[in-house]
>>> print(open('start36.cif').read())   # mmCIF, N, CA and C atoms
data_my_file
#
loop_
_atom_site.group_PDB
_atom_site.id
_atom_site.type_symbol
_atom_site.label_atom_id
_atom_site.label_comp_id
_atom_site.auth_asym_id
_atom_site.auth_seq_id
_atom_site.Cartn_x
_atom_site.Cartn_y
_atom_site.Cartn_z
ATOM 1 N N MET A 237 119.845 83.842 42.447
ATOM 2 C CA MET A 237 120.345 82.665 41.770
ATOM 3 C C MET A 237 119.267 81.594 41.844
ATOM 4 N N THR A 238 118.774 81.167 40.731
ATOM 5 C CA THR A 238 117.715 80.161 40.705
ATOM 6 C C THR A 238 118.286 78.811 40.325
ATOM 7 N N GLY A 239 117.525 77.774 40.641
ATOM 8 C CA GLY A 239 117.936 76.419 40.292
ATOM 9 C C GLY A 239 118.849 75.759 41.310
ATOM 10 N N MET A 240 119.184 76.478 42.353
ATOM 11 C CA MET A 240 120.074 75.901 43.358
ATOM 12 C C MET A 240 119.350 75.889 44.702
ATOM 13 N N ALA A 241 119.267 74.704 45.283
ATOM 14 C CA ALA A 241 118.604 74.590 46.580
ATOM 15 C C ALA A 241 119.442 73.690 47.482
ATOM 16 N N ILE A 242 119.475 74.028 48.731
ATOM 17 C CA ILE A 242 120.213 73.230 49.708
ATOM 18 C C ILE A 242 119.212 72.500 50.582
ATOM 19 N N ASP A 243 119.369 71.203 50.675
ATOM 20 C CA ASP A 243 118.515 70.402 51.543
ATOM 21 C C ASP A 243 119.121 70.450 52.947
ATOM 22 N N TRP A 244 118.653 71.398 53.748
ATOM 23 C CA TRP A 244 119.239 71.640 55.062
ATOM 24 C C TRP A 244 119.043 70.454 56.002
ATOM 25 N N GLY A 245 117.940 69.745 55.849
ATOM 26 C CA GLY A 245 117.698 68.576 56.692
ATOM 27 C C GLY A 245 118.749 67.491 56.458
ATOM 28 N N SER A 246 119.047 67.229 55.184
ATOM 29 C CA SER A 246 120.070 66.228 54.857
ATOM 30 C C SER A 246 121.453 66.684 55.294
ATOM 31 N N LEU A 247 121.738 67.963 55.127
ATOM 32 C CA LEU A 247 123.023 68.497 55.562
ATOM 33 C C LEU A 247 123.178 68.368 57.075
ATOM 34 N N GLY A 248 122.112 68.671 57.798
ATOM 35 C CA GLY A 248 122.133 68.516 59.257
ATOM 36 C C GLY A 248 122.301 67.067 59.670
ATOM 37 N N LEU A 249 121.649 66.153 58.943
ATOM 38 C CA LEU A 249 121.778 64.722 59.248
ATOM 39 C C LEU A 249 123.209 64.246 59.031
ATOM 40 N N VAL A 250 123.813 64.646 57.916
ATOM 41 C CA VAL A 250 125.196 64.250 57.639
ATOM 42 C C VAL A 250 126.137 64.812 58.700
ATOM 43 N N ALA A 251 125.927 66.069 59.082
ATOM 44 C CA ALA A 251 126.779 66.685 60.107
ATOM 45 C C ALA A 251 126.609 65.974 61.448
ATOM 46 N N SER A 252 125.381 65.633 61.805
ATOM 47 C CA SER A 252 125.120 64.933 63.073
ATOM 48 C C SER A 252 125.759 63.559 63.104
ATOM 49 N N VAL A 253 125.597 62.807 62.025
ATOM 50 C CA VAL A 253 126.182 61.457 61.971
ATOM 51 C C VAL A 253 127.699 61.544 62.016
ATOM 52 N N THR A 254 128.276 62.539 61.355
ATOM 53 C CA THR A 254 129.725 62.713 61.378
ATOM 54 C C THR A 254 130.234 63.009 62.781
ATOM 55 N N VAL A 255 129.561 63.912 63.481
ATOM 56 C CA VAL A 255 129.979 64.257 64.845
ATOM 57 C C VAL A 255 129.807 63.069 65.783
ATOM 58 N N LEU A 256 128.685 62.377 65.690
ATOM 59 C CA LEU A 256 128.458 61.213 66.564
ATOM 60 C C LEU A 256 129.427 60.071 66.253
ATOM 61 N N GLY A 257 129.695 59.840 64.977
ATOM 62 C CA GLY A 257 130.652 58.797 64.607
ATOM 63 C C GLY A 257 132.052 59.111 65.094
ATOM 64 N N THR A 258 132.447 60.366 64.963
ATOM 65 C CA THR A 258 133.760 60.787 65.450
ATOM 66 C C THR A 258 133.858 60.644 66.959
ATOM 67 N N ALA A 259 132.799 61.030 67.666
ATOM 68 C CA ALA A 259 132.787 60.892 69.126
ATOM 69 C C ALA A 259 132.857 59.421 69.535
ATOM 70 N N PHE A 260 132.186 58.552 68.802
ATOM 71 C CA PHE A 260 132.220 57.118 69.111
ATOM 72 C C PHE A 260 133.618 56.552 68.925
ATOM 73 N N ILE A 261 134.252 56.868 67.801
ATOM 74 C CA ILE A 261 135.607 56.360 67.538
ATOM 75 C C ILE A 261 136.591 56.906 68.561
ATOM 76 N N LEU A 262 136.461 58.183 68.898
ATOM 77 C CA LEU A 262 137.322 58.780 69.909
ATOM 78 C C LEU A 262 137.132 58.102 71.266
ATOM 79 N N THR A 263 135.901 57.802 71.614
ATOM 80 C CA THR A 263 135.615 57.117 72.876
ATOM 81 C C THR A 263 136.230 55.718 72.897
ATOM 82 N N ILE A 264 136.096 54.984 71.814
ATOM 83 C CA ILE A 264 136.654 53.628 71.732
ATOM 84 C C ILE A 264 138.179 53.675 71.877
ATOM 85 N N CYS A 265 138.829 54.583 71.164
ATOM 86 C CA CYS A 265 140.287 54.686 71.254
ATOM 87 C C CYS A 265 140.737 55.149 72.637
ATOM 88 N N SER A 266 139.982 56.054 73.249
ATOM 89 C CA SER A 266 140.326 56.519 74.601
ATOM 90 C C SER A 266 140.167 55.404 75.630
ATOM 91 N N LEU A 267 139.119 54.613 75.484
ATOM 92 C CA LEU A 267 138.929 53.485 76.402
ATOM 93 C C LEU A 267 140.047 52.456 76.253
ATOM 94 N N ALA A 268 140.481 52.217 75.022
ATOM 95 C CA ALA A 268 141.591 51.283 74.808
ATOM 96 C C ALA A 268 142.860 51.805 75.472
ATOM 97 N N ALA A 269 143.143 53.097 75.311
ATOM 98 C CA ALA A 269 144.333 53.680 75.942
ATOM 99 C C ALA A 269 144.224 53.628 77.459
ATOM 100 N N ARG A 270 143.033 53.884 77.982
ATOM 101 C CA ARG A 270 142.823 53.843 79.435
ATOM 102 C C ARG A 270 143.024 52.435 79.974
ATOM 103 N N MET A 271 142.517 51.441 79.279
ATOM 104 C CA MET A 271 142.685 50.053 79.730
ATOM 105 C C MET A 271 144.155 49.637 79.675
ATOM 106 N N LEU A 272 144.874 50.055 78.631
ATOM 107 C CA LEU A 272 146.302 49.729 78.553
ATOM 108 C C LEU A 272 147.083 50.418 79.662
ATOM 109 N N ALA A 273 146.707 51.647 79.999
ATOM 110 C CA ALA A 273 147.358 52.346 81.112
ATOM 111 C C ALA A 273 147.065 51.648 82.433
ATOM 112 N N THR A 274 145.850 51.131 82.595
ATOM 113 C CA THR A 274 145.493 50.388 83.801
ATOM 114 C C THR A 274 146.314 49.115 83.918
ATOM 115 N N VAL A 275 146.465 48.414 82.807
ATOM 116 C CA VAL A 275 147.282 47.187 82.805
ATOM 117 C C VAL A 275 148.716 47.521 83.201
ATOM 118 N N HIS A 276 149.265 48.579 82.625
ATOM 119 C CA HIS A 276 150.644 48.966 82.933
ATOM 120 C C HIS A 276 150.790 49.345 84.411
ATOM 121 N N ALA A 277 149.837 50.116 84.927
ATOM 122 C CA ALA A 277 149.899 50.530 86.334
ATOM 123 C C ALA A 277 149.791 49.337 87.276
ATOM 124 N N LYS A 278 148.932 48.376 86.944
ATOM 125 C CA LYS A 278 148.781 47.195 87.794
ATOM 126 C C LYS A 278 150.031 46.325 87.759
ATOM 127 N N HIS A 279 150.649 46.211 86.610
ATOM 128 C CA HIS A 279 151.888 45.428 86.530
ATOM 129 C C HIS A 279 153.015 46.112 87.311
ATOM 130 N N GLU A 280 153.081 47.437 87.220
ATOM 131 C CA GLU A 280 154.104 48.178 87.964
ATOM 132 C C GLU A 280 153.914 48.043 89.475
ATOM 133 N N ALA A 281 152.653 47.997 89.918
ATOM 134 C CA ALA A 281 152.355 47.897 91.345
ATOM 135 C C ALA A 281 152.407 46.455 91.844
ATOM 136 N N GLY A 282 152.538 45.504 90.939
ATOM 137 C CA GLY A 282 152.588 44.098 91.331
ATOM 138 C C GLY A 282 151.223 43.485 91.565
ATOM 139 N N GLU A 283 150.168 44.178 91.221
ATOM 140 C CA GLU A 283 148.809 43.650 91.369
ATOM 141 C C GLU A 283 148.463 42.770 90.172
ATOM 142 N N VAL A 284 147.739 41.717 90.428
ATOM 143 C CA VAL A 284 147.299 40.857 89.339
ATOM 144 C C VAL A 284 145.780 40.868 89.194
ATOM 145 N N GLU A 285 145.086 41.300 90.248
ATOM 146 C CA GLU A 285 143.631 41.307 90.212
ATOM 147 C C GLU A 285 143.132 42.420 89.286
ATOM 148 N N GLY A 286 142.366 42.051 88.294
ATOM 149 C CA GLY A 286 141.804 43.018 87.363
ATOM 150 C C GLY A 286 142.694 43.355 86.186
ATOM 151 N N ALA A 287 143.931 42.940 86.198
ATOM 152 C CA ALA A 287 144.839 43.266 85.096
ATOM 153 C C ALA A 287 144.453 42.505 83.826
ATOM 154 N N ARG A 288 144.068 41.253 84.004
ATOM 155 C CA ARG A 288 143.708 40.438 82.836
ATOM 156 C C ARG A 288 142.443 40.977 82.172
ATOM 157 N N LEU A 289 141.457 41.362 82.975
ATOM 158 C CA LEU A 289 140.224 41.914 82.421
ATOM 159 C C LEU A 289 140.509 43.215 81.663
ATOM 160 N N ALA A 290 141.326 44.068 82.233
ATOM 161 C CA ALA A 290 141.681 45.326 81.565
ATOM 162 C C ALA A 290 142.428 45.058 80.262
ATOM 163 N N GLN A 291 143.268 44.044 80.254
ATOM 164 C CA GLN A 291 144.019 43.696 79.047
ATOM 165 C C GLN A 291 143.077 43.170 77.959
ATOM 166 N N VAL A 292 142.131 42.349 78.337
ATOM 167 C CA VAL A 292 141.164 41.816 77.370
ATOM 168 C C VAL A 292 140.292 42.943 76.821
ATOM 169 N N LEU A 293 139.825 43.832 77.704
ATOM 170 C CA LEU A 293 139.004 44.950 77.248
ATOM 171 C C LEU A 293 139.788 45.872 76.316
ATOM 172 N N ALA A 294 141.056 46.102 76.607
ATOM 173 C CA ALA A 294 141.885 46.916 75.717
ATOM 174 C C ALA A 294 141.969 46.272 74.334
ATOM 175 N N GLY A 295 142.148 44.965 74.301
ATOM 176 C CA GLY A 295 142.189 44.254 73.027
ATOM 177 C C GLY A 295 140.875 44.351 72.265
ATOM 178 N N VAL A 296 139.767 44.268 72.994
ATOM 179 C CA VAL A 296 138.451 44.379 72.356
ATOM 180 C C VAL A 296 138.266 45.775 71.762
ATOM 181 N N PHE A 297 138.633 46.808 72.524
ATOM 182 C CA PHE A 297 138.473 48.173 72.022
ATOM 183 C C PHE A 297 139.388 48.442 70.828
ATOM 184 N N ILE A 298 140.588 47.909 70.856
ATOM 185 C CA ILE A 298 141.498 48.073 69.713
ATOM 186 C C ILE A 298 140.957 47.330 68.496
ATOM 187 N N ALA A 299 140.389 46.152 68.705
ATOM 188 C CA ALA A 299 139.797 45.393 67.596
ATOM 189 C C ALA A 299 138.610 46.143 66.997
ATOM 190 N N ILE A 300 137.777 46.745 67.840
ATOM 191 C CA ILE A 300 136.642 47.526 67.344
ATOM 192 C C ILE A 300 137.138 48.704 66.512
ATOM 193 N N ALA A 301 138.160 49.399 66.993
ATOM 194 C CA ALA A 301 138.718 50.530 66.242
ATOM 195 C C ALA A 301 139.291 50.064 64.902
ATOM 196 N N ALA A 302 139.942 48.915 64.894
ATOM 197 C CA ALA A 302 140.509 48.384 63.643
ATOM 198 C C ALA A 302 139.411 48.012 62.657
ATOM 199 N N VAL A 303 138.340 47.406 63.148
ATOM 200 C CA VAL A 303 137.226 47.034 62.268
ATOM 201 C C VAL A 303 136.578 48.287 61.673
ATOM 202 N N ILE A 304 136.406 49.323 62.490
ATOM 203 C CA ILE A 304 135.838 50.575 61.988
ATOM 204 C C ILE A 304 136.744 51.183 60.925
ATOM 205 N N ALA A 305 138.048 51.178 61.154
ATOM 206 C CA ALA A 305 138.993 51.734 60.178
ATOM 207 C C ALA A 305 138.971 50.932 58.878
ATOM 208 N N LEU A 306 138.957 49.615 58.976
ATOM 209 C CA LEU A 306 138.919 48.779 57.771
ATOM 210 C C LEU A 306 137.604 48.942 57.015
ATOM 211 N N PHE A 307 136.506 49.078 57.743
ATOM 212 C CA PHE A 307 135.222 49.310 57.086
ATOM 213 C C PHE A 307 135.227 50.645 56.350
ATOM 214 N N GLY A 308 135.826 51.665 56.966
ATOM 215 C CA GLY A 308 135.938 52.960 56.306
ATOM 216 C C GLY A 308 136.758 52.871 55.026
ATOM 217 N N LEU A 309 137.854 52.126 55.070
ATOM 218 C CA LEU A 309 138.656 51.932 53.853
ATOM 219 C C LEU A 309 137.878 51.172 52.799
ATOM 220 N N TRP A 310 137.107 50.186 53.242
ATOM 221 C CA TRP A 310 136.301 49.397 52.313
ATOM 222 C C TRP A 310 135.280 50.285 51.610
ATOM 223 N N LEU A 311 134.728 51.259 52.329
ATOM 224 C CA LEU A 311 133.763 52.176 51.719
ATOM 225 C C LEU A 311 134.424 53.168 50.778
ATOM 226 N N ILE A 312 135.654 53.566 51.088
ATOM 227 C CA ILE A 312 136.325 54.587 50.287
ATOM 228 C C ILE A 312 136.862 54.024 48.974
ATOM 229 N N VAL A 313 137.463 52.839 49.019
ATOM 230 C CA VAL A 313 138.069 52.253 47.827
ATOM 231 C C VAL A 313 136.953 51.853 46.866
ATOM 232 N N PRO A 314 136.930 52.418 45.654
ATOM 233 C CA PRO A 314 135.789 52.200 44.759
ATOM 234 C C PRO A 314 135.699 50.791 44.189
ATOM 235 N N TYR A 315 136.736 49.986 44.297
ATOM 236 C CA TYR A 315 136.710 48.645 43.707
ATOM 237 C C TYR A 315 135.860 47.680 44.527
ATOM 238 N N PHE A 316 135.807 47.850 45.833
ATOM 239 C CA PHE A 316 135.209 46.850 46.700
ATOM 240 C C PHE A 316 133.697 46.948 46.927
ATOM 241 N N PRO A 317 133.100 48.113 47.142
ATOM 242 C CA PRO A 317 131.711 48.134 47.625
ATOM 243 C C PRO A 317 130.692 47.547 46.672
ATOM 244 N N LEU A 318 130.098 46.465 47.072
ATOM 245 C CA LEU A 318 128.900 45.892 46.471
ATOM 246 C C LEU A 318 128.873 45.957 44.956
ATOM 247 N N MET A 319 129.899 45.397 44.354
ATOM 248 C CA MET A 319 129.968 45.422 42.896
ATOM 249 C C MET A 319 129.018 44.383 42.319
ATOM 250 N N ASN A 320 128.420 44.720 41.209
ATOM 251 C CA ASN A 320 127.612 43.765 40.475
ATOM 252 C C ASN A 320 128.498 43.216 39.360
ATOM 253 N N TYR A 321 129.079 42.058 39.581
ATOM 254 C CA TYR A 321 130.071 41.513 38.657
ATOM 255 C C TYR A 321 129.472 41.109 37.316
ATOM 256 N N SER A 322 128.172 40.907 37.247
ATOM 257 C CA SER A 322 127.568 40.493 35.983
ATOM 258 C C SER A 322 127.577 41.622 34.961
ATOM 259 N N GLN A 323 127.686 42.872 35.389
ATOM 260 C CA GLN A 323 127.673 43.995 34.462
ATOM 261 C C GLN A 323 129.067 44.348 33.949
ATOM 262 N N HIS A 324 130.100 43.769 34.524
ATOM 263 C CA HIS A 324 131.460 44.090 34.114
ATOM 264 C C HIS A 324 131.905 43.137 33.006
ATOM 265 N N THR A 325 132.472 43.703 31.971
ATOM 266 C CA THR A 325 132.970 42.889 30.866
ATOM 267 C C THR A 325 134.450 43.160 30.682
ATOM 268 N N THR A 326 135.127 42.207 30.143
ATOM 269 C CA THR A 326 136.545 42.357 29.865
ATOM 270 C C THR A 326 136.714 42.841 28.439
ATOM 271 N N VAL A 327 137.480 43.889 28.279
ATOM 272 C CA VAL A 327 137.726 44.436 26.948
ATOM 273 C C VAL A 327 139.002 43.798 26.411
ATOM 274 N N VAL A 328 138.877 43.163 25.265
ATOM 275 C CA VAL A 328 140.016 42.520 24.625
ATOM 276 C C VAL A 328 140.320 43.287 23.336
ATOM 277 N N PRO A 329 141.561 43.730 23.166
ATOM 278 C CA PRO A 329 141.917 44.447 21.939
ATOM 279 C C PRO A 329 141.656 43.589 20.693
ATOM 280 N N ALA A 330 141.334 44.234 19.593
ATOM 281 C CA ALA A 330 140.938 43.527 18.371
ATOM 282 C C ALA A 330 142.051 42.640 17.833
ATOM 283 N N ASN A 331 143.311 43.027 18.014
ATOM 284 C CA ASN A 331 144.399 42.222 17.451
ATOM 285 C C ASN A 331 144.680 40.964 18.270
ATOM 286 N N ILE A 332 144.071 40.815 19.448
ATOM 287 C CA ILE A 332 144.289 39.621 20.279
ATOM 288 C C ILE A 332 143.135 38.634 20.129
ATOM 289 N N ARG A 333 141.997 39.102 19.670
ATOM 290 C CA ARG A 333 140.832 38.217 19.556
ATOM 291 C C ARG A 333 141.121 37.079 18.575
ATOM 292 N N SER A 334 140.564 35.905 18.892
ATOM 293 C CA SER A 334 140.798 34.770 17.981
ATOM 294 C C SER A 334 139.573 34.462 17.162
#
>>> encode(input="start36.cif", output="structure tokens")
Amino acid sequence: MTGMAIDWGSLGLVASVTVLGTAFILTICSLAARMLATVHAKHEAGEVEGARLAQVLAGVFIAIAAVIALFGLWLIVPYFPLMNYSQHTTVVPANIRS
């Protein structure tokens, strides 16, 4: 079969970035769950030392995960990414034109 070539370097790069990105998101979500579990355990034990820091870190990790998710949606939805508005024109039907 001629005319078909696979760029293995690019395929490997995409696969690597996908695996690393997935591992990063998984790590962020796991850290958020771990911090929330720490907060819960400290409250159950009546300890106050370190609970506030764990709660703040959990919030930070959840915020990072939310920003990553929203950025992913922003990339997927075709209306939003880096549109050049000067090239878009409004089509007006001929019977409405004045």
>>> atom_distance(input="start36.cif", atom1="atom CA of Ala269 of chain A", atom2="atom CA of Ala290 of chain A")
10.4 Å
>>> atom_distance(input="start36.cif", atom1="atom CA of Phe260 of chain A", atom2="atom CA of Ala273 of chain A")
19.9 Å
>>> atom_distance(input="start36.cif", atom1="atom N of Leu267 of chain A", atom2="atom N of Gly295 of chain A")
10.2 Å
>>> closest_residue(input="start36.cif", among="A:Gly245, A:Gln291, A:Ala259, A:Ala299", to="Met271 of chain A", atoms="only C-alpha atoms")
A:Gln291
>>> closest_residue(input="start36.cif", among="A:Leu311, A:Leu247, A:Ala294, A:Leu306", to="Ile264 of chain A", atoms="only C-alpha atoms")
A:Ala294
